[in-house]
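Just run_10.cif here, mmCIF, C-alpha atoms:
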```cif
data_input
#
loop_
_atom_site.label_atom_id
_atom_site.label_comp_id
_atom_site.auth_asym_id
_atom_site.auth_seq_id
_atom_site.Cartn_x
_atom_site.Cartn_y
_atom_site.Cartn_z
CA MET F 300 92.53 -16.41 301.72
CA GLY F 301 93.69 -13.37 299.71
CA TYR F 302 91.18 -11.35 297.71
CA ASN F 303 92.12 -12.90 294.40
CA THR F 304 91.62 -16.43 295.63
CA GLN F 305 88.32 -15.50 297.28
CA HIS F 306 87.16 -13.83 294.10
CA HIS F 307 88.18 -16.80 292.01
CA ALA F 308 86.34 -19.16 294.32
CA PHE F 309 83.27 -16.98 294.15
CA MET F 310 83.29 -16.88 290.35
CA GLU F 311 83.73 -20.64 290.20
CA LYS F 312 80.86 -21.10 292.57
CA SER F 313 78.72 -18.79 290.45
CA LYS F 314 79.41 -20.81 287.35
CA ILE F 315 78.59 -24.08 289.02
CA GLU F 316 75.64 -22.88 290.99
CA SER F 317 74.46 -20.30 288.47
CA ASN F 318 70.89 -20.68 289.38
CA PRO F 319 68.36 -18.34 287.85
CA LYS F 320 65.78 -20.90 288.72
CA SER F 321 65.98 -20.07 292.35
CA LEU F 322 65.45 -16.44 291.47
CA ALA F 323 62.53 -17.52 289.33
CA SER F 324 60.86 -19.40 292.15
CA LEU F 325 61.49 -16.47 294.47
CA LEU F 326 59.84 -14.17 292.01
CA ALA F 327 56.94 -16.55 291.61
CA GLY F 328 56.15 -16.23 295.26
CA ASN F 329 56.75 -12.49 295.50
CA GLU F 330 55.93 -11.09 292.12
CA ALA F 331 53.32 -8.63 293.31
CA ALA F 332 55.55 -7.17 296.00
CA VAL F 333 58.55 -6.87 293.68
CA LEU F 334 56.37 -5.24 291.04
CA GLU F 335 54.90 -2.80 293.51
CA ARG F 336 58.28 -1.70 294.76
CA TRP F 337 59.68 -1.43 291.22
CA ARG F 338 56.73 0.63 290.09
CA SER F 339 56.98 3.15 292.91
CA SER F 340 60.66 3.64 292.10
CA LEU F 341 59.79 4.01 288.39
CA PHE F 342 57.06 6.57 289.09
CA SER F 343 59.24 8.74 291.29
CA GLU F 344 62.11 8.59 288.79
CA ASN F 345 59.68 9.39 285.98
CA ALA F 346 58.15 12.35 287.79
CA SER F 347 61.50 14.09 288.00
CA ARG F 348 62.00 13.90 284.24
CA ARG F 349 61.39 16.69 281.78
CA SER F 350 59.45 14.49 279.41
CA GLY F 351 58.08 11.54 281.29
CA ILE F 352 56.27 8.44 280.19
CA ARG F 353 52.56 8.05 280.87
CA GLU F 354 52.17 6.27 284.20
CA ALA F 355 49.59 3.89 282.78
CA ASP F 356 52.16 2.81 280.20
CA LEU F 357 54.87 2.35 282.83
CA LYS F 358 52.50 0.23 284.84
CA ARG F 359 51.66 -2.00 281.91
CA GLN F 360 55.23 -2.24 280.67
CA SER F 361 56.62 -3.18 284.07
CA GLY F 362 53.95 -5.84 284.56
CA GLU F 363 54.53 -7.39 281.13
CA PHE F 364 58.26 -7.35 281.53
CA LEU F 365 58.33 -8.96 284.94
CA THR F 366 56.03 -11.77 283.81
CA ALA F 367 58.20 -12.44 280.77
CA LEU F 368 61.37 -12.26 282.87
CA ARG F 369 60.08 -14.82 285.32
CA ALA F 370 59.10 -17.18 282.49
CA ALA F 371 62.53 -16.85 280.91
CA LEU F 372 64.25 -17.45 284.25
CA GLU F 373 62.15 -20.54 284.87
CA SER F 374 63.41 -22.09 281.66
CA ASP F 375 66.98 -23.20 281.99
CA ALA F 376 68.43 -20.89 279.39
CA GLY F 377 70.68 -19.06 281.81
CA PRO F 378 72.01 -15.60 281.00
CA ASN F 379 72.39 -16.14 277.25
CA LEU F 380 69.87 -13.63 275.91
CA GLN F 381 70.01 -14.98 272.38
CA ALA F 382 68.52 -18.31 273.43
CA SER F 383 64.95 -18.93 272.31
CA ALA F 384 63.73 -18.94 275.92
CA TRP F 385 64.39 -15.22 275.95
CA ASP F 386 62.53 -14.50 272.69
CA GLN F 387 59.37 -13.31 274.38
CA THR F 388 61.27 -11.07 276.79
CA ARG F 389 63.27 -9.56 273.95
CA GLY F 390 60.07 -8.93 272.04
CA ILE F 391 58.49 -7.15 274.97
CA LEU F 392 61.66 -5.14 275.51
CA SER F 393 61.58 -4.08 271.87
CA ASP F 394 58.01 -2.84 272.25
CA ILE F 395 58.80 -1.02 275.50
CA SER F 396 61.86 0.54 273.90
CA ARG F 397 59.89 1.83 271.01
CA GLU F 398 56.98 3.10 273.07
CA GLN F 399 59.22 4.95 275.48
CA ALA F 400 61.39 6.39 272.71
CA ASN F 401 58.23 7.65 271.02
CA GLN F 402 57.32 9.48 274.22
CA GLY F 403 60.71 11.14 274.27
CA ALA F 404 62.79 8.82 276.46
CA SER F 405 66.51 8.80 275.75
CA PRO F 406 68.28 5.42 275.30
CA SER F 407 69.76 5.64 278.80
CA GLU F 408 66.37 6.44 280.27
CA VAL F 409 64.97 3.30 278.71
CA ALA F 410 67.89 1.28 280.10
CA THR F 411 67.29 2.79 283.54
CA PHE F 412 63.77 1.38 283.32
CA ILE F 413 65.36 -2.08 283.49
CA PHE F 414 68.17 -1.25 285.90
CA SER F 415 65.75 0.21 288.43
CA LEU F 416 64.34 -3.30 288.87
CA LYS F 417 67.56 -4.24 290.61
CA GLU F 418 66.71 -2.34 293.76
CA SER F 419 63.46 -4.20 294.18
CA LEU F 420 64.97 -7.56 293.27
CA PHE F 421 68.01 -7.25 295.46
CA GLY F 422 65.80 -6.21 298.35
CA LEU F 423 63.96 -9.50 297.91
CA LEU F 424 67.19 -11.51 297.73
CA GLN F 425 68.50 -9.80 300.83
CA SER F 426 65.46 -10.58 302.92
CA GLU F 427 65.26 -14.16 301.60
CA PHE F 428 68.90 -15.10 302.20
CA ALA F 429 69.53 -12.81 305.17
CA ASP F 430 71.67 -15.36 307.01
CA ASP F 431 73.73 -16.42 303.96
CA PRO F 432 75.78 -13.46 302.70
CA GLY F 433 77.68 -15.71 300.31
CA ARG F 434 74.44 -16.77 298.75
CA ILE F 435 73.19 -13.19 298.55
CA ALA F 436 76.36 -12.13 296.73
CA GLN F 437 75.93 -14.98 294.26
CA GLU F 438 72.29 -14.37 293.51
CA VAL F 439 72.85 -10.64 293.25
CA TRP F 440 75.62 -11.29 290.73
CA ASN F 441 73.44 -13.62 288.66
CA ALA F 442 70.50 -11.27 288.66
CA SER F 443 72.71 -8.29 287.98
CA ARG F 444 74.32 -9.95 285.01
CA ILE F 445 70.99 -10.73 283.43
CA LEU F 446 69.47 -7.31 284.09
CA ASP F 447 72.59 -5.54 282.83
CA ARG F 448 72.38 -7.41 279.57
CA LEU F 449 68.69 -6.70 279.24
CA GLY F 450 69.28 -3.02 279.94
CA LEU F 451 72.00 -2.81 277.32
CA LEU F 452 69.74 -4.59 274.86
CA THR F 453 67.19 -1.81 275.23
CA THR F 454 69.90 0.73 274.47
CA ASP F 455 70.67 -1.04 271.22
CA MET F 456 67.00 -1.25 270.36
CA ALA F 457 66.36 2.42 271.15
CA LEU F 458 69.27 3.47 269.00
CA LYS F 459 68.14 1.29 266.14
CA SER F 460 64.65 2.69 266.20
CA ARG F 461 65.98 6.24 266.17
CA GLU F 462 68.19 5.42 263.23
CA GLY F 463 65.14 4.05 261.48
CA THR F 464 63.27 7.30 262.10
CA ILE F 465 66.15 9.36 260.77
CA LEU F 466 66.37 7.28 257.62
CA ARG F 467 62.64 7.55 257.05
CA GLN F 468 62.71 11.30 257.55
CA GLN F 469 65.63 11.63 255.15
CA LYS F 470 63.70 9.73 252.53
CA GLU F 471 60.64 11.91 253.05
CA MET F 472 62.72 15.05 252.81
CA LEU F 473 64.21 13.81 249.58
CA GLU F 474 60.78 13.21 248.10
CA LEU F 475 59.37 16.46 249.41
CA SER F 476 62.03 18.61 247.97
CA THR F 477 62.29 17.49 244.37
CA PRO F 478 59.00 18.46 242.76
CA VAL F 479 58.79 19.41 239.12
CA VAL F 480 55.96 21.83 238.45
CA LYS F 481 54.32 23.00 235.27
CA LEU F 482 54.35 26.77 234.86
CA TRP F 483 52.70 26.80 231.49
CA GLY F 484 52.17 24.52 228.56
CA GLY F 485 55.64 23.37 227.59
CA ILE F 486 57.35 25.23 230.45
CA LEU F 487 58.45 23.35 233.57
CA ALA F 488 59.97 24.67 236.78
CA LEU F 489 62.13 22.84 239.28
CA PRO F 490 62.28 24.87 242.53
CA LEU F 491 65.13 23.47 244.59
CA ILE F 492 65.07 23.98 248.34
CA GLY F 493 67.79 23.24 250.83
CA THR F 494 71.30 21.89 250.50
CA LEU F 495 72.03 19.81 247.48
CA ASP F 496 74.18 16.75 247.89
CA SER F 497 75.26 14.35 245.19
CA GLU F 498 72.49 11.86 245.81
CA ARG F 499 69.72 14.44 245.86
CA THR F 500 71.00 16.20 242.78
CA GLN F 501 71.02 12.92 240.90
CA VAL F 502 67.42 12.17 241.90
CA VAL F 503 66.52 15.70 240.90
CA MET F 504 68.22 15.32 237.52
CA GLU F 505 66.37 12.14 236.71
CA ASN F 506 63.02 13.53 237.84
CA LEU F 507 63.39 16.62 235.70
CA LEU F 508 64.46 14.74 232.59
CA ASP F 509 61.63 12.22 233.03
CA GLU F 510 59.11 15.05 233.36
CA ILE F 511 60.52 16.76 230.28
CA VAL F 512 59.93 13.60 228.28
CA ARG F 513 56.51 12.99 229.79
CA THR F 514 55.13 16.49 229.26
CA GLU F 515 57.19 17.24 226.13
CA ALA F 516 58.19 20.54 227.71
CA ALA F 517 60.70 22.42 225.61
CA ILE F 518 61.82 24.69 228.45
CA ALA F 519 62.76 23.86 232.04
CA ILE F 520 63.57 26.50 234.63
CA ILE F 521 65.80 25.30 237.45
CA ASP F 522 65.34 27.72 240.32
CA ILE F 523 67.97 27.68 243.06
CA THR F 524 66.67 30.56 245.17
CA GLY F 525 66.29 28.16 248.09
CA VAL F 526 69.75 26.66 247.82
CA PRO F 527 72.13 28.26 250.30
CA THR F 528 75.41 27.01 248.85
CA VAL F 529 76.61 25.40 245.69
CA ASP F 530 79.89 23.52 245.46
CA THR F 531 81.78 22.28 242.39
CA LEU F 532 80.17 18.86 242.48
CA VAL F 533 76.65 20.23 242.59
CA ALA F 534 77.44 22.80 239.91
CA GLN F 535 78.72 19.99 237.67
CA HIS F 536 75.60 17.93 238.28
CA LEU F 537 73.42 20.89 237.35
CA LEU F 538 75.40 21.56 234.20
CA LYS F 539 75.19 17.90 233.23
CA THR F 540 71.43 18.06 233.68
CA VAL F 541 71.28 21.08 231.42
CA ALA F 542 73.46 19.36 228.81
CA ALA F 543 71.35 16.20 228.93
CA ALA F 544 68.15 18.19 228.56
CA ARG F 545 69.61 20.01 225.58
CA LEU F 546 70.57 16.70 223.99
CA MET F 547 66.99 15.59 224.38
CA GLY F 548 65.66 18.69 222.72
CA ALA F 549 64.78 20.93 225.66
CA GLU F 550 66.39 24.10 226.93
CA CYS F 551 67.15 24.89 230.55
CA ILE F 552 67.31 28.23 232.29
CA ILE F 553 68.85 28.51 235.74
CA SER F 554 67.27 31.17 237.91
CA GLY F 555 67.44 32.44 241.47
CA ILE F 556 71.18 32.80 241.52
CA ARG F 557 72.02 34.78 244.62
CA PRO F 558 75.05 37.08 244.79
CA GLN F 559 76.94 34.65 247.04
CA ILE F 560 76.38 31.79 244.64
CA ALA F 561 77.37 33.96 241.70
CA SER F 562 80.69 34.74 243.33
CA THR F 563 81.19 31.09 244.30
CA ILE F 564 80.63 30.07 240.69
CA VAL F 565 83.22 32.58 239.50
CA HIS F 566 85.71 31.60 242.20
CA LEU F 567 85.35 27.92 241.45
CA GLY F 568 85.90 28.66 237.80
CA VAL F 569 82.77 26.79 236.82
CA ASP F 570 82.07 27.26 233.14
CA LEU F 571 78.37 27.75 232.65
CA GLY F 572 78.90 27.01 228.99
CA GLY F 573 76.19 29.17 227.50
CA VAL F 574 73.43 28.19 229.89
CA SER F 575 70.94 30.99 230.30
CA THR F 576 70.90 32.31 233.81
CA LYS F 577 68.55 34.79 235.41
CA ALA F 578 68.47 36.33 238.84
CA THR F 579 64.80 35.70 239.46
CA LEU F 580 62.27 33.05 238.56
CA ALA F 581 60.06 35.82 237.19
CA ASP F 582 62.67 36.89 234.67
CA ALA F 583 63.27 33.29 233.67
CA PHE F 584 59.55 32.74 233.18
CA ALA F 585 59.33 35.86 231.01
CA ILE F 586 62.10 34.56 228.77
CA ALA F 587 60.52 31.12 228.63
CA LEU F 588 57.23 32.62 227.49
CA ARG F 589 58.93 34.66 224.81
CA ARG F 590 60.88 31.68 223.50
CA SER F 591 57.64 29.72 223.36
CA GLY F 592 56.11 32.46 221.25
CA LEU F 593 53.74 33.55 223.98
CA SER F 594 53.12 36.94 225.48
CA VAL F 595 51.14 38.26 228.42
CA CYS F 596 48.87 41.25 227.88
CA ARG F 597 46.60 43.30 230.05
CA ALA F 598 42.94 42.41 230.36
CA GLU F 599 40.30 44.48 228.52
CA ALA F 600 39.30 47.89 229.98
CA SER F 601 35.63 46.81 230.24
CA GLN F 602 36.61 43.83 232.43
CA LYS F 603 38.55 46.16 234.71
CA ASP F 604 35.46 48.29 235.14
CA SER F 605 33.31 45.34 236.12
CA PHE F 606 35.72 44.65 238.99
CA GLY F 607 35.36 48.25 240.04
CA GLN F 608 38.97 49.11 239.42
CA MET Y 130 55.95 11.05 205.29
CA GLY Y 131 56.18 13.11 202.14
CA GLU Y 132 59.46 14.92 201.99
CA PHE Y 133 60.72 13.48 205.28
CA LEU Y 134 62.19 10.14 206.15
CA LEU Y 135 61.54 8.51 209.51
CA VAL Y 136 64.14 6.07 210.80
CA THR Y 137 63.30 4.11 213.90
CA VAL Y 138 66.33 2.65 215.60
CA GLN Y 139 65.69 -0.63 217.38
CA VAL Y 140 67.64 -1.93 220.31
CA ASP Y 141 70.79 -4.00 220.06
CA MET Y 142 72.10 -2.56 216.87
CA HIS Y 143 75.48 -4.09 216.19
CA ASP Y 144 78.20 -2.77 213.92
CA ARG Y 145 77.29 -4.32 210.63
CA LEU Y 146 73.64 -3.51 211.03
CA ALA Y 147 74.51 0.09 211.77
CA MET Y 148 76.74 0.30 208.70
CA SER Y 149 74.00 -1.09 206.49
CA LEU Y 150 71.58 1.38 208.06
CA GLN Y 151 73.82 4.22 207.00
CA ASP Y 152 74.04 2.89 203.46
CA ASP Y 153 70.33 2.18 203.16
CA LEU Y 154 69.52 5.60 204.49
CA THR Y 155 71.69 7.53 202.08
CA GLU Y 156 70.21 5.60 199.17
CA LYS Y 157 66.71 6.27 200.40
CA ILE Y 158 67.39 9.99 200.84
CA VAL Y 159 68.43 10.23 197.22
CA SER Y 160 65.69 8.06 195.79
CA SER Y 161 62.88 9.75 197.69
CA HIS Y 162 64.25 13.31 197.35
CA ALA Y 163 63.84 13.64 201.10
CA ARG Y 164 64.53 17.06 202.58
CA GLY Y 165 64.64 15.88 206.14
CA VAL Y 166 65.45 12.79 208.20
CA LEU Y 167 63.96 12.03 211.58
CA ILE Y 168 65.83 9.45 213.59
CA ASP Y 169 63.67 8.06 216.36
CA ILE Y 170 65.73 6.56 219.15
CA SER Y 171 63.00 6.25 221.75
CA ALA Y 172 63.50 2.48 221.78
CA LEU Y 173 67.12 2.82 222.81
CA ASP Y 174 67.63 2.46 226.56
CA VAL Y 175 71.36 2.68 226.39
CA VAL Y 176 73.79 4.19 223.95
CA ASP Y 177 77.52 3.90 223.49
CA SER Y 178 80.07 5.99 221.69
CA PHE Y 179 79.62 3.83 218.59
CA ILE Y 180 75.97 4.71 218.22
CA GLY Y 181 76.83 8.28 219.01
CA ARG Y 182 79.26 8.36 216.14
CA MET Y 183 76.79 6.62 213.88
CA LEU Y 184 74.23 9.32 214.53
CA GLY Y 185 76.84 11.94 213.80
CA ASN Y 186 77.77 10.23 210.54
CA ILE Y 187 74.17 10.00 209.43
CA ALA Y 188 73.68 13.69 210.11
CA SER Y 189 76.78 14.67 208.14
CA MET Y 190 75.97 12.39 205.22
CA SER Y 191 72.42 13.65 205.03
CA LEU Y 192 73.63 17.21 204.93
CA VAL Y 193 75.88 16.39 202.01
CA LEU Y 194 72.76 15.09 200.30
CA ASP Y 195 70.97 18.34 201.17
CA ALA Y 196 68.73 16.80 203.79
CA GLU Y 197 68.63 17.81 207.42
CA THR Y 198 68.53 15.52 210.40
CA VAL Y 199 66.71 15.67 213.70
CA VAL Y 200 67.08 13.04 216.40
CA VAL Y 201 63.92 12.51 218.42
CA GLY Y 202 62.81 10.56 221.44
CA MET Y 203 66.08 10.47 223.33
CA ARG Y 204 65.53 8.83 226.73
CA PRO Y 205 66.88 10.64 229.83
CA ALA Y 206 69.23 7.73 230.62
CA VAL Y 207 70.68 7.94 227.11
CA ALA Y 208 71.11 11.71 227.36
CA ILE Y 209 72.89 11.36 230.69
CA THR Y 210 75.19 8.67 229.28
CA LEU Y 211 76.09 10.82 226.30
CA VAL Y 212 76.85 13.75 228.60
CA GLU Y 213 79.01 11.55 230.83
CA LEU Y 214 80.85 10.22 227.77
CA GLY Y 215 81.42 13.77 226.66
CA LEU Y 216 79.63 13.22 223.37
CA ALA Y 217 77.88 16.44 222.55
CA LEU Y 218 76.71 15.25 219.11
CA PRO Y 219 77.69 18.51 217.42
CA GLY Y 220 75.53 19.65 214.58
CA ILE Y 221 72.71 17.28 215.45
CA ARG Y 222 69.40 18.84 216.27
CA THR Y 223 67.17 17.07 218.74
CA ALA Y 224 63.49 17.22 219.55
CA LEU Y 225 61.28 15.69 222.16
CA SER Y 226 58.84 14.09 219.75
CA VAL Y 227 58.36 13.25 216.10
CA GLU Y 228 55.80 16.06 215.75
CA ARG Y 229 58.18 18.69 217.09
CA GLY Y 230 60.96 17.23 214.99
CA MET Y 231 58.89 17.72 211.87
CA GLN Y 232 58.09 21.28 212.92
CA MET Y 233 61.80 21.91 213.21
CA LEU Y 234 62.54 20.42 209.81
CA ARG Y 235 59.84 22.51 208.22
CA ALA Y 236 61.24 25.63 209.80
CA GLY Y 237 64.66 24.63 208.53
CA ILE Y 238 68.02 24.84 210.18
CA SER Y 239 69.57 28.29 210.11
CA ALA Y 240 72.26 28.96 207.55
CA GLY Y 241 74.74 29.56 210.33
CA GLN Y 242 74.38 26.07 211.71
CA ARG Y 243 74.62 24.58 208.27
CA ALA Y 244 77.86 26.42 207.73
CA ALA Y 245 79.14 25.20 211.08
CA LEU Y 246 78.38 21.61 210.12
CA LYS Y 247 80.16 22.00 206.79
CA THR Y 248 83.23 23.42 208.55
CA GLY Y 249 83.18 20.39 210.82
CA LEU Y 250 83.21 18.15 207.75
CA ASP Y 251 86.18 19.98 206.26
CA ASP Y 252 88.12 19.62 209.49
CA SER Y 253 87.51 15.89 209.64
CA HIS Y 254 88.87 15.48 206.14
CA SER Y 255 92.09 17.41 206.72
#
```
Here is a file; write its structure as structure tokens.
Amino acid sequence: MGYNTQHHAFMEKSKIESNPKSLASLLAGNEAAVLERWRSSLFSENASRRSGIREADLKRQSGEFLTALRAALESDAGPNLQASAWDQTRGILSDISREQANQGASPSEVATFIFSLKESLFGLLQSEFADDPGRIAQEVWNASRILDRLGLLTTDMALKSREGTILRQQKEMLELSTPVVKLWGGILALPLIGTLDSERTQVVMENLLDEIVRTEAAIAIIDITGVPTVDTLVAQHLLKTVAAARLMGAECIISGIRPQIASTIVHLGVDLGGVSTKATLADAFAIALRRSGLSVCRAEASQKDSFGQ
Amino acid sequence: MGEFLLVTVQVDMHDRLAMSLQDDLTEKIVSSHARGVLIDISALDVVDSFIGRMLGNIASMSLVLDAETVVVGMRPAVAITLVELGLALPGIRTALSVERGMQMLRAGISAGQRAALKTGLDDSHS
């Protein structure tokens, strides 16, 4: 027979005799040996890594996985991983994925955790069906198909969990970097740090205006010392905030304008429309105090003496 | 409130109600010899150009009657909407609270701003 016909016959045979159950019963009788061999391969692979997983964890994860795998194979669900028979295995994989990712494993390293089981499993199949190469090929294909899918599943899971971490960190960063602080009675400051994007600026706007209402502060200083660049969109957002605050009855001062930002503003043709701007937060604070009818004066001479100065 | 009038705008003010508010207000300003009007809009969550214009009208009419207007209690969402709509409410003073508004009225609006408002009135008539 030509290759194509042989291949076709093989695939047909696989479909008809697709028999994870035989693999399951094989595993049942040889689970310890398979596990042992898998583990030693895992440990040696892990040792060569820059950031490895704790061996105790690998031991536990491999044991749990193999048990679940055998149970899933014993049911007749076949290689469809979405079937309910595979629920437990998927759950364990999800845990393993997460644990390993937390210890620094890359998605492919987590997948390799599954793929490395092949060596041990195929070794078992080879010794069991030594005198039936056709059978070996079939079983290897079946097992391979299942393990490949499981391995790829872990990749998806690892990626998802990383995405989740990124989203959470983004949210935390957003919250961290939009504080409104009180400098003095009736004077608020909004120190902005980092790059401003549309979403952040909007959150910032709302926070500031809410605080102005809550504290009845007549003056708000928006300090952009920590903002590396300002584009037209951000500049417009800031100006809208200032206009809104003015409508509400409060005045804004923008401070911390660095030379680069000043030239950007001029180049972009942004019209600051009469908003007070100051180079430093200190200058802005001084103006705010004056507008509030407050002044700072030196302490009494007698007090100075008591501090020995 | 002595020489001041306090107007509290409730939500969902439709056209006719707003018109009658304007009429009632002008009558009240005259009858009570009020020198100042405080319009409290802290109950308004949302504002449209109609209400914006209404506030502007009230301010202009009060000025004609020699009373000054201060709008107080504007919510951030309302302020943002007005900015987005491009309504700057020229000639209207605002304050964060009724107390501050009264302080402002007592201090009086500067002659310059009064003149600016009057010029605005002349322009709208021409």
Chain F residues near chain Y (6 Å cut-off, all atoms listed in the file) as a PDB file with C-alpha atoms, in the frame of the given file:
```pdb
ATOM      1  CA  LEU F 508      64.460  14.740 232.590  1.00  0.00           C
ATOM      2  CA  GLU F 515      57.190  17.240 226.130  1.00  0.00           C
ATOM      3  CA  ALA F 543      71.350  16.200 228.930  1.00  0.00           C
ATOM      4  CA  MET F 547      66.990  15.590 224.380  1.00  0.00           C
ATOM      5  CA  GLY F 548      65.660  18.690 222.720  1.00  0.00           C
TER       6      GLY F 548
END
```
Answer key for the PyMOL selection byres ((chain Y and resi 179) around 12), residues as a PyMOL selection string = chain Y and resi 141-145+147-148+175-178+180-186+211+214+216+218
Please dump the current selection as a PDB file, in the frame of the given file; keep C-alpha atoms.
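Saved file out.pdb follows:
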```
ATOM      1  CA  ASP Y 141      70.790  -4.000 220.060  1.00  0.00           C
ATOM      2  CA  MET Y 142      72.100  -2.560 216.870  1.00  0.00           C
ATOM      3  CA  HIS Y 143      75.480  -4.090 216.190  1.00  0.00           C
ATOM      4  CA  ASP Y 144      78.200  -2.770 213.920  1.00  0.00           C
ATOM      5  CA  ARG Y 145      77.290  -4.320 210.630  1.00  0.00           C
ATOM      6  CA  ALA Y 147      74.510   0.090 211.770  1.00  0.00           C
ATOM      7  CA  MET Y 148      76.740   0.300 208.700  1.00  0.00           C
ATOM      8  CA  VAL Y 175      71.360   2.680 226.390  1.00  0.00           C
ATOM      9  CA  VAL Y 176      73.790   4.190 223.950  1.00  0.00           C
ATOM     10  CA  ASP Y 177      77.520   3.900 223.490  1.00  0.00           C
ATOM     11  CA  SER Y 178      80.070   5.990 221.690  1.00  0.00           C
ATOM     12  CA  ILE Y 180      75.970   4.710 218.220  1.00  0.00           C
ATOM     13  CA  GLY Y 181      76.830   8.280 219.010  1.00  0.00           C
ATOM     14  CA  ARG Y 182      79.260   8.360 216.140  1.00  0.00           C
ATOM     15  CA  MET Y 183      76.790   6.620 213.880  1.00  0.00           C
ATOM     16  CA  LEU Y 184      74.230   9.320 214.530  1.00  0.00           C
ATOM     17  CA  GLY Y 185      76.840  11.940 213.800  1.00  0.00           C
ATOM     18  CA  ASN Y 186      77.770  10.230 210.540  1.00  0.00           C
ATOM     19  CA  LEU Y 211      76.090  10.820 226.300  1.00  0.00           C
ATOM     20  CA  LEU Y 214      80.850  10.220 227.770  1.00  0.00           C
ATOM     21  CA  LEU Y 216      79.630  13.220 223.370  1.00  0.00           C
ATOM     22  CA  LEU Y 218      76.710  15.250 219.110  1.00  0.00           C
TER      23      LEU Y 218
END
```
For Leu134 in chain Y, the nearest of the candidates Y:Leu146, Y:Val193, Y:Val227, Y:Leu173, counting all atoms listed in the file | Y:Val227
How many Å separate CA of Asn345 in chain F from CA of Asn401 in chain F?
->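 Atom-to-atom, CA of Asn345 in chain F to CA of Asn401 in chain F, that is 15.1 Å.
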If you apply the PyMOL selection byres ((chain F and resi 415) around 12) to this file, what residues do you get, as a VMD selection string?
-> chain F and resid 333 to 334 336 to 345 361 407 to 414 416 to 422 443 446 to 447 449 to 450
So which residues get picked by the PyMOL selection byres ((chain F and resi 517) around 7) here, written as a ChimeraX atom specification?
-> /F:485-486,515-516,518-519,548-550
Please tell me which residues are no farther than 12 Å from (54.9, -5.2, 282.7) in the file, counting all atoms listed in the file, and write them as a PyMOL selection string.
-> chain F and resi 330-331+333-335+337-338+341+354-369+388+391-392+394-395+412-413+416
Residues near range 531-540 of chain F, anyone? I mean within 9 Å using all atoms listed in the file, not counting same-chain ones fewer than 6 positions away, as a compact mmCIF listing (two decimals) with C-alpha atoms, keeping the file's coordinate frame.
```
# COMPACT_ATOMS: atom_id res chain seq x y z
CA LEU F 495 72.03 19.81 247.48
CA ASP F 496 74.18 16.75 247.89
CA SER F 497 75.26 14.35 245.19
CA THR F 500 71.00 16.20 242.78
CA GLN F 501 71.02 12.92 240.90
CA MET F 504 68.22 15.32 237.52
CA GLU F 505 66.37 12.14 236.71
CA LEU F 507 63.39 16.62 235.70
CA LEU F 508 64.46 14.74 232.59
CA ILE F 521 65.80 25.30 237.45
CA CYS F 551 67.15 24.89 230.55
CA ILE F 564 80.63 30.07 240.69
CA LEU F 567 85.35 27.92 241.45
CA GLY F 568 85.90 28.66 237.80
CA VAL F 569 82.77 26.79 236.82
CA ASP F 570 82.07 27.26 233.14
CA LEU F 571 78.37 27.75 232.65
CA GLY F 572 78.90 27.01 228.99
CA VAL F 574 73.43 28.19 229.89
CA ALA Y 208 71.11 11.71 227.36
CA ILE Y 209 72.89 11.36 230.69
CA VAL Y 212 76.85 13.75 228.60
CA GLU Y 213 79.01 11.55 230.83
```
